[in-house]
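Text of start20.txt, listed as compact mmCIF, C-alpha atoms and all ligand atoms:
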```
# COMPACT_ATOMS: atom_id res chain seq x y z
CA MET P 1 -20.67 -68.76 -29.92
CA SER P 2 -17.23 -70.38 -29.59
CA TYR P 3 -14.64 -69.16 -27.09
CA PRO P 4 -12.14 -67.66 -26.72
CA ARG P 5 -13.30 -64.75 -28.86
CA LYS P 6 -11.12 -61.80 -29.74
CA LEU P 7 -12.66 -58.52 -30.83
CA LYS P 8 -11.71 -54.97 -31.43
CA ILE P 9 -14.04 -52.01 -30.81
CA THR P 10 -13.02 -48.65 -32.28
CA VAL P 11 -14.83 -45.40 -31.55
CA PRO P 12 -13.89 -42.02 -33.06
CA CYS P 13 -13.63 -38.77 -31.13
CA SER P 14 -16.12 -36.04 -31.91
CA SER P 15 -16.41 -32.30 -31.88
CA SER P 16 -19.85 -31.04 -30.95
CA ASN P 17 -21.85 -27.80 -31.23
CA ILE P 18 -19.81 -26.40 -34.20
CA GLY P 19 -20.79 -22.92 -33.02
CA PRO P 20 -24.58 -22.44 -32.97
CA GLY P 21 -25.57 -26.14 -32.76
CA PHE P 22 -25.40 -26.47 -28.99
CA ASP P 23 -26.39 -30.04 -28.04
CA VAL P 24 -27.43 -30.65 -31.67
CA LEU P 25 -24.44 -31.03 -34.02
CA GLY P 26 -21.55 -33.46 -33.78
CA VAL P 27 -18.85 -34.50 -36.22
CA THR P 28 -16.47 -37.44 -35.92
CA LEU P 29 -12.76 -36.83 -36.30
CA SER P 30 -9.74 -39.09 -36.83
CA LEU P 31 -8.65 -39.82 -33.23
CA TYR P 32 -9.76 -43.10 -31.73
CA LEU P 33 -10.58 -45.01 -28.59
CA THR P 34 -9.75 -48.68 -29.25
CA LEU P 35 -10.69 -51.64 -27.08
CA THR P 36 -9.09 -55.02 -27.73
CA ILE P 37 -11.12 -57.69 -25.97
CA GLN P 38 -10.53 -61.36 -25.36
CA ILE P 39 -13.63 -63.15 -24.14
CA LEU P 40 -12.69 -66.42 -22.44
CA PRO P 41 -15.01 -69.44 -22.03
CA LYS P 42 -18.20 -68.58 -20.15
CA TYR P 43 -18.63 -69.21 -16.45
CA SER P 44 -20.56 -72.34 -15.68
CA ASN P 45 -23.73 -71.80 -13.63
CA ASP P 46 -22.20 -73.00 -10.36
CA ASN P 47 -19.15 -70.71 -10.25
CA LYS P 48 -20.89 -67.54 -11.41
CA THR P 49 -20.29 -65.72 -8.15
CA ASN P 50 -16.82 -64.59 -9.19
CA PHE P 51 -18.11 -62.36 -12.01
CA ASN P 52 -16.30 -59.03 -12.41
CA GLU P 53 -13.20 -60.28 -10.58
CA ASP P 54 -12.03 -61.98 -13.75
CA ILE P 55 -12.05 -58.84 -15.85
CA LYS P 56 -8.49 -57.73 -16.52
CA LEU P 57 -8.60 -54.10 -17.58
CA SER P 58 -5.52 -52.21 -18.77
CA TYR P 59 -4.95 -48.87 -20.49
CA SER P 60 -2.42 -47.19 -22.72
CA GLY P 61 -2.44 -43.68 -24.13
CA GLU P 62 -4.49 -40.70 -22.97
CA GLY P 63 -5.76 -40.88 -19.39
CA SER P 64 -3.94 -44.14 -18.68
CA SER P 65 -2.04 -42.73 -15.71
CA HIS P 66 -5.14 -41.78 -13.72
CA VAL P 67 -8.21 -43.59 -15.05
CA SER P 68 -9.92 -45.97 -12.64
CA LEU P 69 -9.34 -49.66 -13.47
CA SER P 70 -12.13 -50.79 -11.18
CA THR P 71 -14.87 -52.28 -13.36
CA SER P 72 -17.59 -50.71 -11.22
CA GLN P 73 -16.04 -47.22 -11.51
CA ASN P 74 -14.43 -47.05 -14.92
CA LEU P 75 -16.84 -45.31 -17.32
CA ILE P 76 -16.48 -47.96 -20.05
CA THR P 77 -17.00 -51.04 -17.88
CA LYS P 78 -19.54 -49.32 -15.64
CA THR P 79 -21.57 -48.52 -18.75
CA ALA P 80 -21.26 -52.13 -19.97
CA LEU P 81 -22.46 -53.39 -16.56
CA TYR P 82 -25.46 -51.07 -16.79
CA VAL P 83 -26.38 -52.45 -20.23
CA LEU P 84 -25.99 -56.03 -18.96
CA ALA P 85 -28.02 -55.34 -15.81
CA SER P 86 -30.75 -53.72 -17.93
CA ASN P 87 -30.96 -57.09 -19.67
CA ASN P 88 -31.03 -59.05 -16.40
CA ILE P 89 -27.39 -60.12 -16.59
CA HIS P 90 -25.76 -59.12 -13.32
CA GLY P 91 -22.06 -58.89 -14.02
CA PHE P 92 -19.87 -59.85 -16.95
CA PRO P 93 -20.96 -63.39 -17.88
CA SER P 94 -17.49 -64.42 -19.11
CA PRO P 95 -13.95 -63.71 -17.94
CA MET P 96 -12.42 -61.05 -20.18
CA ILE P 97 -9.15 -59.33 -20.91
CA ILE P 98 -9.78 -55.76 -22.02
CA HIS P 99 -7.05 -53.43 -23.21
CA VAL P 100 -7.99 -49.82 -23.89
CA ASP P 101 -5.75 -47.77 -26.12
CA ASN P 102 -6.94 -44.18 -26.07
CA GLU P 103 -5.99 -41.29 -28.36
CA ILE P 104 -8.78 -38.98 -27.12
CA PRO P 105 -7.67 -36.59 -24.37
CA PHE P 106 -10.00 -36.39 -21.36
CA GLY P 107 -12.04 -33.29 -20.66
CA ARG P 108 -10.87 -31.29 -23.67
CA GLY P 109 -14.09 -31.04 -25.68
CA LEU P 110 -13.28 -33.89 -28.06
CA GLY P 111 -15.97 -36.26 -26.86
CA SER P 112 -13.84 -38.56 -24.70
CA SER P 113 -16.76 -39.44 -22.43
CA GLY P 114 -19.10 -39.88 -25.40
CA ALA P 115 -16.64 -42.31 -26.99
CA ALA P 116 -16.23 -44.16 -23.67
CA VAL P 117 -20.01 -44.46 -23.27
CA VAL P 118 -20.40 -45.78 -26.83
CA ALA P 119 -17.55 -48.26 -26.28
CA GLY P 120 -19.11 -49.36 -22.98
CA VAL P 121 -22.57 -49.89 -24.48
CA ILE P 122 -21.06 -51.96 -27.30
CA LEU P 123 -18.95 -53.89 -24.77
CA GLY P 124 -22.11 -54.74 -22.81
CA ASP P 125 -23.86 -55.81 -26.01
CA VAL P 126 -20.95 -58.04 -27.06
CA ALA P 127 -20.31 -59.49 -23.58
CA GLY P 128 -23.96 -60.40 -23.12
CA ASN P 129 -24.54 -61.50 -26.74
CA LEU P 130 -27.52 -59.16 -26.73
CA GLY P 131 -27.63 -58.45 -30.47
CA LEU P 132 -28.79 -54.85 -29.99
CA THR P 133 -29.55 -52.79 -33.11
CA SER P 134 -27.66 -49.53 -33.60
CA ASP P 135 -30.79 -47.54 -32.66
CA ARG P 136 -31.11 -49.55 -29.45
CA LEU P 137 -27.40 -49.02 -28.68
CA LEU P 138 -28.13 -45.30 -29.06
CA ASP P 139 -30.98 -45.54 -26.53
CA TYR P 140 -28.56 -46.90 -23.93
CA CYS P 141 -25.95 -44.24 -24.74
CA LEU P 142 -28.57 -41.52 -24.30
CA MET P 143 -29.62 -42.77 -20.89
CA ILE P 144 -26.03 -42.18 -19.78
CA GLU P 145 -25.00 -39.03 -21.69
CA ARG P 146 -28.10 -36.87 -21.89
CA HIS P 147 -26.97 -34.56 -24.69
CA PRO P 148 -27.03 -36.48 -27.96
CA ASP P 149 -24.41 -34.62 -30.03
CA ASN P 150 -21.24 -36.54 -29.10
CA VAL P 151 -22.64 -40.04 -28.57
CA THR P 152 -24.78 -40.01 -31.72
CA ALA P 153 -21.82 -38.90 -33.85
CA ALA P 154 -19.44 -41.38 -32.18
CA LEU P 155 -21.86 -44.28 -32.71
CA MET P 156 -23.14 -43.43 -36.20
CA GLY P 157 -20.18 -41.49 -37.62
CA GLY P 158 -19.88 -38.39 -39.79
CA PHE P 159 -21.57 -35.01 -39.47
CA ILE P 160 -24.77 -35.57 -37.49
CA ALA P 161 -27.70 -33.52 -36.23
CA SER P 162 -29.76 -35.10 -33.49
CA TYR P 163 -32.50 -34.54 -30.96
CA LEU P 164 -33.84 -36.43 -27.96
CA ARG P 165 -37.39 -37.55 -27.38
CA GLU P 166 -38.59 -35.99 -24.14
CA LEU P 167 -38.76 -38.64 -21.43
CA ASP P 168 -40.67 -39.01 -18.24
CA PRO P 169 -38.31 -37.78 -15.46
CA LYS P 170 -38.70 -41.10 -13.64
CA ASP P 171 -37.06 -42.87 -16.60
CA ILE P 172 -33.89 -40.84 -16.38
CA GLU P 173 -33.52 -40.28 -12.66
CA ALA P 174 -33.04 -43.88 -11.53
CA PRO P 175 -29.93 -43.92 -9.30
CA VAL P 176 -28.54 -46.95 -11.12
CA ILE P 177 -27.97 -45.04 -14.38
CA PRO P 178 -24.25 -44.18 -14.60
CA HIS P 179 -24.65 -40.62 -15.95
CA SER P 180 -21.31 -39.80 -17.55
CA GLU P 181 -21.12 -36.24 -16.27
CA THR P 182 -21.48 -37.03 -12.61
CA LEU P 183 -18.56 -39.44 -12.78
CA GLY P 184 -15.69 -36.97 -12.68
CA ASP P 185 -12.48 -38.93 -13.18
CA GLY P 186 -14.15 -42.16 -12.16
CA THR P 187 -12.65 -42.24 -8.69
CA THR P 188 -15.47 -40.60 -6.76
CA ALA P 189 -18.44 -42.17 -8.46
CA ASN P 190 -20.84 -44.40 -6.62
CA GLU P 191 -20.43 -47.98 -7.60
CA THR P 192 -23.21 -49.35 -9.79
CA ALA P 193 -25.49 -51.46 -7.67
CA VAL P 194 -25.83 -54.22 -10.26
CA GLU P 195 -28.24 -56.20 -8.12
CA GLU P 196 -30.79 -53.37 -8.09
CA SER P 197 -33.60 -53.76 -10.56
CA ILE P 198 -33.02 -51.49 -13.53
CA PRO P 199 -35.94 -49.67 -15.15
CA ILE P 200 -36.47 -50.68 -18.78
CA VAL P 201 -34.65 -48.30 -21.09
CA PRO P 202 -37.28 -46.49 -23.22
CA LYS P 203 -37.14 -47.16 -26.96
CA GLY P 204 -36.51 -44.58 -29.69
CA ILE P 205 -34.94 -41.91 -27.48
CA GLY P 206 -32.56 -40.53 -30.08
CA HIS P 207 -33.40 -39.23 -33.55
CA TYR P 208 -30.74 -38.11 -35.98
CA ILE P 209 -29.89 -37.30 -39.54
CA LYS P 210 -26.55 -37.58 -41.28
CA LEU P 211 -25.52 -34.37 -43.02
CA ASN P 212 -23.06 -33.99 -45.86
CA TRP P 213 -19.61 -32.57 -45.25
CA ALA P 214 -17.49 -31.07 -48.03
CA LYS P 215 -14.46 -33.33 -48.21
CA GLU P 216 -11.92 -30.50 -48.50
CA ILE P 217 -12.84 -29.12 -45.04
CA LYS P 218 -10.38 -30.23 -42.36
CA ALA P 219 -10.63 -29.79 -38.61
CA ILE P 220 -7.73 -28.07 -36.92
CA THR P 221 -7.97 -28.85 -33.21
CA ILE P 222 -5.94 -26.58 -30.94
CA ILE P 223 -5.88 -28.43 -27.63
CA PRO P 224 -4.77 -26.61 -24.45
CA GLN P 225 -3.28 -28.96 -21.88
CA PHE P 226 -5.85 -28.39 -19.17
CA GLU P 227 -9.20 -30.04 -18.63
CA ILE P 228 -12.66 -28.58 -18.32
CA ALA P 229 -15.20 -31.10 -17.09
CA THR P 230 -18.34 -30.88 -19.21
CA ALA P 231 -20.39 -30.63 -16.01
CA THR P 232 -18.46 -27.46 -15.08
CA ALA P 233 -18.84 -25.97 -18.55
CA ARG P 234 -22.60 -26.63 -18.43
CA SER P 235 -22.96 -25.17 -14.94
CA VAL P 236 -21.98 -21.68 -16.20
CA LEU P 237 -24.81 -21.59 -18.75
CA PRO P 238 -28.04 -19.72 -18.03
CA LEU P 239 -31.29 -21.62 -17.56
CA SER P 240 -33.20 -19.33 -19.93
CA TYR P 241 -32.32 -17.14 -22.89
CA GLU P 242 -33.48 -13.93 -24.55
CA ARG P 243 -35.54 -14.54 -27.67
CA GLN P 244 -33.10 -12.64 -29.92
CA ASP P 245 -30.22 -14.90 -28.86
CA VAL P 246 -32.23 -18.04 -29.63
CA VAL P 247 -33.25 -16.64 -33.01
CA PHE P 248 -29.63 -15.65 -33.70
CA ASN P 249 -28.54 -19.28 -33.23
CA LEU P 250 -31.47 -20.86 -35.08
CA GLN P 251 -30.84 -18.70 -38.14
CA ARG P 252 -27.18 -19.64 -38.24
CA LEU P 253 -27.70 -23.32 -37.46
CA ALA P 254 -30.13 -23.74 -40.36
CA VAL P 255 -27.66 -22.14 -42.78
CA LEU P 256 -24.58 -23.90 -41.40
CA THR P 257 -25.82 -27.46 -41.88
CA THR P 258 -25.98 -26.96 -45.65
CA ALA P 259 -23.10 -24.47 -45.95
CA LEU P 260 -20.64 -27.12 -44.67
CA SER P 261 -21.77 -29.52 -47.41
CA GLN P 262 -21.02 -27.24 -50.34
CA SER P 263 -17.91 -27.46 -52.52
CA PRO P 264 -16.15 -25.11 -52.79
CA PRO P 265 -17.11 -23.88 -49.30
CA ASP P 266 -18.22 -20.25 -48.94
CA ALA P 267 -15.90 -18.92 -46.21
CA ASP P 268 -17.89 -15.75 -45.44
CA LEU P 269 -21.18 -17.63 -45.16
CA ILE P 270 -19.68 -20.33 -42.92
CA PHE P 271 -17.75 -17.88 -40.74
CA GLN P 272 -20.89 -15.90 -39.91
CA ALA P 273 -22.97 -19.07 -39.56
CA MET P 274 -20.57 -20.45 -36.93
CA GLN P 275 -21.26 -17.56 -34.52
CA ASP P 276 -23.06 -18.47 -31.31
CA LYS P 277 -24.89 -16.71 -28.48
CA VAL P 278 -26.03 -19.72 -26.47
CA HIS P 279 -22.92 -21.25 -24.93
CA GLN P 280 -19.64 -19.66 -26.03
CA PRO P 281 -20.21 -16.21 -24.46
CA TYR P 282 -20.70 -17.86 -21.05
CA ARG P 283 -17.68 -20.15 -21.41
CA MET P 284 -15.19 -17.39 -22.26
CA GLU P 285 -14.16 -17.18 -18.60
CA LEU P 286 -13.17 -20.87 -18.66
CA VAL P 287 -11.02 -20.55 -21.79
CA PRO P 288 -8.77 -17.50 -21.54
CA GLY P 289 -8.06 -16.20 -25.05
CA LEU P 290 -11.27 -17.54 -26.63
CA SER P 291 -12.88 -14.11 -26.79
CA GLU P 292 -9.84 -12.55 -28.54
CA ILE P 293 -9.59 -15.47 -30.98
CA LEU P 294 -13.25 -15.28 -31.99
CA SER P 295 -13.07 -11.51 -32.54
CA SER P 296 -9.73 -11.25 -34.38
CA VAL P 297 -9.09 -14.38 -36.48
CA ASN P 298 -11.22 -14.62 -39.62
CA PRO P 299 -11.09 -15.60 -43.31
CA LYS P 300 -9.71 -12.15 -44.24
CA THR P 301 -6.80 -12.30 -41.77
CA HIS P 302 -6.26 -16.02 -42.51
CA PRO P 303 -7.29 -17.08 -46.03
CA GLY P 304 -8.32 -20.74 -46.07
CA LEU P 305 -10.05 -20.42 -42.71
CA LEU P 306 -13.81 -21.07 -42.74
CA GLY P 307 -14.84 -20.74 -39.11
CA ILE P 308 -13.77 -21.00 -35.47
CA CYS P 309 -15.63 -22.25 -32.42
CA LEU P 310 -15.18 -23.95 -29.10
CA SER P 311 -15.06 -27.71 -29.60
CA GLY P 312 -17.77 -29.24 -27.40
CA ALA P 313 -17.52 -27.85 -23.90
CA GLY P 314 -13.89 -26.80 -24.47
CA PRO P 315 -11.16 -25.93 -23.91
CA THR P 316 -10.16 -27.18 -27.40
CA ILE P 317 -10.63 -24.63 -30.18
CA LEU P 318 -11.92 -26.03 -33.47
CA ALA P 319 -10.93 -24.20 -36.66
CA LEU P 320 -12.42 -25.42 -39.92
CA ALA P 321 -10.22 -24.70 -42.91
CA ILE P 322 -9.32 -25.83 -46.40
CA ASN P 323 -5.63 -24.78 -46.28
CA ASN P 324 -3.18 -22.55 -44.40
CA PHE P 325 -3.50 -24.95 -41.44
CA ASP P 326 -0.15 -24.14 -39.80
CA LEU P 327 -0.61 -20.38 -39.78
CA ILE P 328 -4.18 -20.63 -38.43
CA ALA P 329 -3.07 -23.03 -35.69
CA ASP P 330 -0.06 -20.90 -34.82
CA THR P 331 -2.12 -17.70 -34.42
CA ILE P 332 -4.69 -19.44 -32.20
CA THR P 333 -2.00 -21.18 -30.14
CA LYS P 334 -0.22 -17.87 -29.50
CA ALA P 335 -3.49 -16.18 -28.49
CA LEU P 336 -4.20 -18.96 -25.97
CA LYS P 337 -0.68 -18.87 -24.55
CA ARG P 338 -0.77 -15.09 -24.19
CA LYS P 339 -3.67 -15.44 -21.75
CA ARG P 340 -2.68 -18.57 -19.87
CA ASP P 341 0.66 -20.27 -19.41
CA THR P 342 -0.27 -23.67 -20.81
CA GLN P 343 1.06 -26.19 -23.28
CA VAL P 344 -0.98 -26.42 -26.45
CA ILE P 345 -1.09 -29.40 -28.81
CA VAL P 346 -2.29 -29.00 -32.39
CA LYS P 347 -3.80 -31.82 -34.44
CA THR P 348 -5.19 -31.31 -37.91
CA LEU P 349 -7.78 -34.05 -38.24
CA ASP P 350 -9.94 -35.49 -40.99
CA VAL P 351 -13.68 -35.73 -40.69
CA VAL P 352 -14.38 -39.48 -40.74
CA ASP P 353 -17.59 -40.99 -42.00
CA LYS P 354 -17.53 -44.21 -39.98
CA GLY P 355 -18.68 -44.34 -36.40
CA ALA P 356 -18.03 -47.11 -33.90
CA GLN P 357 -16.88 -50.40 -35.40
CA VAL P 358 -16.69 -53.92 -33.98
CA ILE P 359 -14.22 -56.24 -35.66
CA GLU P 360 -14.04 -59.93 -34.84
CA LEU P 361 -10.35 -60.87 -34.84
CA THR P 362 -9.19 -64.34 -35.80
CA ASP P 363 -6.23 -65.96 -34.06
CA ASN P 364 -3.94 -64.94 -36.92
CA SER P 365 -5.11 -61.37 -37.22
CA GLN P 366 -3.18 -58.44 -35.87
CA SER P 367 -4.26 -57.02 -32.54
N1 LIG B 1 -11.51 -43.81 -22.32
C1 LIG B 1 -12.07 -43.53 -21.14
N2 LIG B 1 -12.10 -44.43 -20.16
C2 LIG B 1 -12.66 -44.16 -18.97
N3 LIG B 1 -13.20 -42.97 -18.63
C3 LIG B 1 -13.19 -42.03 -19.58
C4 LIG B 1 -12.64 -42.25 -20.87
N4 LIG B 1 -12.78 -41.12 -21.59
C5 LIG B 1 -13.39 -40.24 -20.79
N5 LIG B 1 -13.63 -40.75 -19.58
C6 LIG B 1 -14.26 -40.08 -18.42
O1 LIG B 1 -14.94 -38.93 -18.90
C7 LIG B 1 -14.36 -37.73 -18.31
C8 LIG B 1 -14.33 -36.60 -19.31
O2 LIG B 1 -15.64 -36.34 -19.70
P1 LIG B 1 -16.14 -34.87 -20.02
O3 LIG B 1 -17.55 -35.01 -20.52
O4 LIG B 1 -15.89 -33.98 -18.87
O5 LIG B 1 -15.17 -34.38 -21.19
P2 LIG B 1 -15.08 -34.77 -22.73
O6 LIG B 1 -16.09 -35.83 -23.03
O7 LIG B 1 -13.68 -35.07 -23.03
O8 LIG B 1 -15.46 -33.40 -23.43
P3 LIG B 1 -16.75 -32.96 -24.29
O9 LIG B 1 -17.92 -33.71 -23.73
O10 LIG B 1 -16.86 -31.49 -24.09
O11 LIG B 1 -16.45 -33.31 -25.68
C9 LIG B 1 -12.96 -38.16 -17.89
O12 LIG B 1 -12.47 -37.37 -16.83
C10 LIG B 1 -13.19 -39.61 -17.46
O13 LIG B 1 -13.76 -39.69 -16.17
N1 LIG B 2 -23.09 -30.01 -26.24
C1 LIG B 2 -22.30 -30.31 -25.09
C2 LIG B 2 -21.08 -31.05 -25.53
C3 LIG B 2 -20.15 -31.41 -24.42
O1 LIG B 2 -20.13 -32.77 -24.24
C4 LIG B 2 -21.88 -29.03 -24.38
O2 LIG B 2 -21.43 -28.10 -25.07
O3 LIG B 2 -22.00 -28.96 -23.15
```

Show this structure as C-alpha cells.
Ligand SMILES: Nc1ncnc2c1ncn2[C@@H]1O[C@H](COP(=O)(O)OP(=O)(O)OP(=O)(O)O)[C@@H](O)[C@H]1O
Ligand SMILES: N[C@@H](CCO)C(=O)O
Amino acid sequence: MSYPRKLKITVPCSSSNIGPGFDVLGVTLSLYLTLTIQILPKYSNDNKTNFNEDIKLSYSGEGSSHVSLSTSQNLITKTALYVLASNNIHGFPSPMIIHVDNEIPFGRGLGSSGAAVVAGVILGDVAGNLGLTSDRLLDYCLMIERHPDNVTAALMGGFIASYLRELDPKDIEAPVIPHSETLGDGTTANETAVEESIPIVPKGIGHYIKLNWAKEIKAITIIPQFEIATATARSVLPLSYERQDVVFNLQRLAVLTTALSQSPPDADLIFQAMQDKVHQPYRMELVPGLSEILSSVNPKTHPGLLGICLSGAGPTILALAINNFDLIADTITKALKRKRDTQVIVKTLDVVDKGAQVIELTDNSQS
C-alpha cells in the first residue's frame, strides 16, 4: 500500500421499522454521511506511541456544533478503534486527516448512529488494511448496534429485512464494546480501553435479505427539530406483548414486504399493512401529534399516499407516497405543530439501492 492515500466513505441514512417491522425492516434513503480520509505514511515501529494524537478529525453539517472530536469518544472513531483493537491493532496505525460531512440529523429516527457505526467499522477496516468482507463488517456493526435494521440497510443498501443470530450474553456484554445507544452525544461515554483484550467478534451474527421496492414510491420525511435518543424511545416499550398484538404485526409485516414491491402500488393494502401495535402506540407520548396523524391522514383524504409510520425510533414521520407530496407533508407538519411548538423540516427522499461505498481518490480527483 502506498501513502498518502485518500479515500471517501459514503453511508446513506435509513428509515427502520416501516410500521410493523420493528427491529426487522430498514430502507436506505438519499441523505448521506461522508468521510473524506487522508492516510499519511505509517508510523515506524519506534515512534508508535503517539498513535491517536495524529488523527485530525473535523466535521461539517448536521451535529457539527456539538459532536465530540475526541477519537476515543466520537462514535465513528471509537467504533474504528474497537475494530482495530479486535484485530490486535491498538490505535490508528497511521496518522490521518478525517473530515466528516454529515447530512443525517442526530436522534431523529433516520439512522444517524447506524450510519456512524457503519462508517466507523469501514474506517477501522481501511485504517488497519484488514480486508474484511461485507458480512464480517456487518458482524462488527451488530456488536455495536444490537438491532440490525438500520446498520444492515446502511451497509448493504436498499430495502432490507434482517435478523440476528442469538449470541451468548458474554459475547455482547464485554465492557470494551462501544454500544451506540449508551453513548448519548458522545461526551459522557467511557473512553474505549484499547489496551484491554477484546473478545473475538462471533462470525455470522447478521442475516438479511434484500427486498424489492417499487421505484415510484418516494419517502416523505417530516422531521421535527427535536431529538429523541433511541435508548429513550426503547425504554418506553413493554418487555412482553399480548399474543393478538404480535399476530397483528406478523400478519401485516408478511404482506407489507411484498406489497411495497408491486407496481402500481395498492394504497389500501399498504396503508393497512403499515399499522403497528408493537412500538408506535407506546411512543405516542414522545411524539405529540403522531396519534392524530395516524388516525386521520390516509389514502382517501390524501390520494397518492400509501402509508404513514414513525421513522425508526422517531420523532421523524415517514410517509410513503407516489404523488401529492407537498399536501401530505403540509398536513402532517401542521398536525405536529398544533401539538408542539417546534420547527419541522420536510425532505422528500428517494429510496437508494446502494449502501456504504468506499472510493479510493487519486490526487487529481475531486474531494
Ligand atoms: N455522524 C456522527 N458522528 C458521531 N456521532 C454520531 C453521528 N451520528 C450519530 N451519532 C451519535 O448517535 C446519536 C444518535 O443516535 P440515536 O440512535 O439516538 O438516533 P438515530 O440513530 O439518529 O435514530 P434512529 O436509530 O431511531 O434511526 C447522536 O446523539 C450521536 O451521539
Ligand atoms: N428498530 C429501532 C430503530 C431505532 O434505531 C427502534 O425502533 O428502536

Around ligand LIG 1 (chain B), out to 9 Å and counting all atoms listed in the file, which residues are there? I want them as a PyMOL selection string. chain P and resi 13-16+33-34+59+62-64+67-69+73-77+100-117+119+145+150+180-187+227-233+311-316

Pick from P:Thr152, P:Thr333, P:Gln262, P:Asn212 nearest to ligand LIG 2 (chain B), counting only C-alpha atoms and all ligand atoms: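 Checking each candidate against ligand LIG 2 (chain B), we get P:Thr152 as the closest.
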
Around all the atoms of ligand LIG 2 (chain B) listed in the file, draw an axis-aligned box and extend it by 4 Å on each of the six sides; I want its centre and edge lengths in Å to one decimal, as lines of an AutoDock Vina configuration file.
```
center_x = -21.6
center_y = -30.4
center_z = -24.7
size_x = 11.0
size_y = 12.7
size_z = 11.1
```

Enumerate, as a count of residues only, the protein, DNA and RNA residues whose atoms approach (-30.4, -37.7, -28.4) to within 12 Å, taking into account only C-alpha atoms and the coordinate frame of the file. 40

Radius query 9 Å about (-11.5, -67.3, -28.2), atoms used: all atoms listed in the file, as a PDB file with C-alpha atoms, in the frame of the given file:
```pdb
ATOM      1  CA  SER P   2     -17.230 -70.380 -29.590  1.00  0.00           C
ATOM      2  CA  TYR P   3     -14.640 -69.160 -27.090  1.00  0.00           C
ATOM      3  CA  PRO P   4     -12.140 -67.660 -26.720  1.00  0.00           C
ATOM      4  CA  ARG P   5     -13.300 -64.750 -28.860  1.00  0.00           C
ATOM      5  CA  LYS P   6     -11.120 -61.800 -29.740  1.00  0.00           C
ATOM      6  CA  GLN P  38     -10.530 -61.360 -25.360  1.00  0.00           C
ATOM      7  CA  ILE P  39     -13.630 -63.150 -24.140  1.00  0.00           C
ATOM      8  CA  LEU P  40     -12.690 -66.420 -22.440  1.00  0.00           C
ATOM      9  CA  PRO P  41     -15.010 -69.440 -22.030  1.00  0.00           C
ATOM     10  CA  THR P 362      -9.190 -64.340 -35.800  1.00  0.00           C
ATOM     11  CA  ASP P 363      -6.230 -65.960 -34.060  1.00  0.00           C
TER      12      ASP P 363
END
```

Could you work out how far CA of Tyr241 (chain P) lies from CA of Ile172 (chain P), giving the answer in Å with one decimal?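 That distance, rounded to one decimal, is 24.6 Å.
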